[in-house]
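Undergrad: So that we are looking at the same thing, I have put the structure below in structure tokens.
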Amino acid sequence: MVCGIPHTEKLFIGGNFNGHIGATPGRYDDVHGGFGFGDRNEGGTSLLDFARAFDIVIANSSFPKKREHLVTFRSSVTETQIDYVLCRKSDRGLYMDCKVIPSENLSTLHRLLVMDLEITRKRRKRAMYSQHRIKWGALTEAKAQELGVSW
């Protein structure tokens with residue numbers, strides 16, 4: 001499915017991947033930003049291999065955060081980071097921050113993971129016509145008579 005999305009389109013994948021990518025990138029420094037949580041497990045290794053295969057980075061490992069802004073799942077027994085936002089390496093400049101909102105108001109054990117994006121629309125250039133534009137603002141009355149322009 002990821003291969004079917006053209007590179008001209010923006011790709012963001014977010015969700016509960018049930019894998020732990022760990023606190024350090026290890027041999028995955030091209031897709032892991034170096035700011036994770038906990039220890040890597042098999043599911044985390046699979047996620048990192050997937051990211052490497054499709055030139056995707058794990059956005060929430062790209063920013064240094066306090067512990068409470070990294071933990072995406074908290075229960076009475078454990079706290080882990082299993083929710084991630086993935087995006088293409090080529091779109092790295094679009095996201096400014098990715099963090100967990102620590103709140104007890106949510107009914108689930110998962111915490112809200114948000115990413116700040118800065119997407120600007122490209123301005124369209126005006127169509128250029130073969131006819132030159134005439135700027136009338138500096139035209140004096142004397143010049144107007146000389147050109148034969150009537151007011």
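Ligands are numbered from 1 in the order shown, residues from 1 within each chain, and chains are lettered A, B, ... in the order they appear in the structure tokens.
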Can you pull out every residue within 8 Å of A:Leu109, counting only C-alpha atoms, but drop anything in the same chain fewer than 6 positions away, and send it as an NGL selection string?
TA: :A and (73-75)
Undergrad: Tell me, as a PDB file with N, CA and C atoms, in the first residue's frame, which residues lie within 6 Å of A:Phe35, counting only C-alpha atoms; anything in the same chain fewer than 3 positions away does not count.
TA:
ATOM      1  N   ALA A  23      15.222   3.451  23.352  1.00  0.00           N
ATOM      2  CA  ALA A  23      15.703   4.809  23.597  1.00  0.00           C
ATOM      3  C   ALA A  23      16.820   5.221  22.647  1.00  0.00           C
ATOM      4  N   SER A  61      10.501  10.053  17.496  1.00  0.00           N
ATOM      5  CA  SER A  61      11.830   9.760  18.035  1.00  0.00           C
ATOM      6  C   SER A  61      12.827  10.844  17.633  1.00  0.00           C
ATOM      7  N   SER A  62      12.348  11.887  16.983  1.00  0.00           N
ATOM      8  CA  SER A  62      13.229  12.929  16.453  1.00  0.00           C
ATOM      9  C   SER A  62      13.413  14.128  17.376  1.00  0.00           C
ATOM     10  N   PRO A  64      13.922  15.611  21.472  1.00  0.00           N
ATOM     11  CA  PRO A  64      14.168  15.290  22.886  1.00  0.00           C
ATOM     12  C   PRO A  64      12.982  15.722  23.740  1.00  0.00           C
TER      13      PRO A  64
END
Undergrad: Which one is closest to A:Arg88: A:Asp29, A:Asp55, A:Glu9, A:Asp49? Count only C-alpha atoms.
TA: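 Answer, going by the shortest atom-to-atom distance: A:Asp55.
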Undergrad: Check chain A with DSSP on the backbone and list each residue it calls helix (DSSP H, G or I), as a count of residues only.
TA: 34
Undergrad: Just give me the gap between atom CA of A:Ile119 and atom CA of A:Asp91 in Å, one decimal is fine.
TA: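 Separating atom CA of A:Ile119 from atom CA of A:Asp91 is a distance of 10.1 Å.
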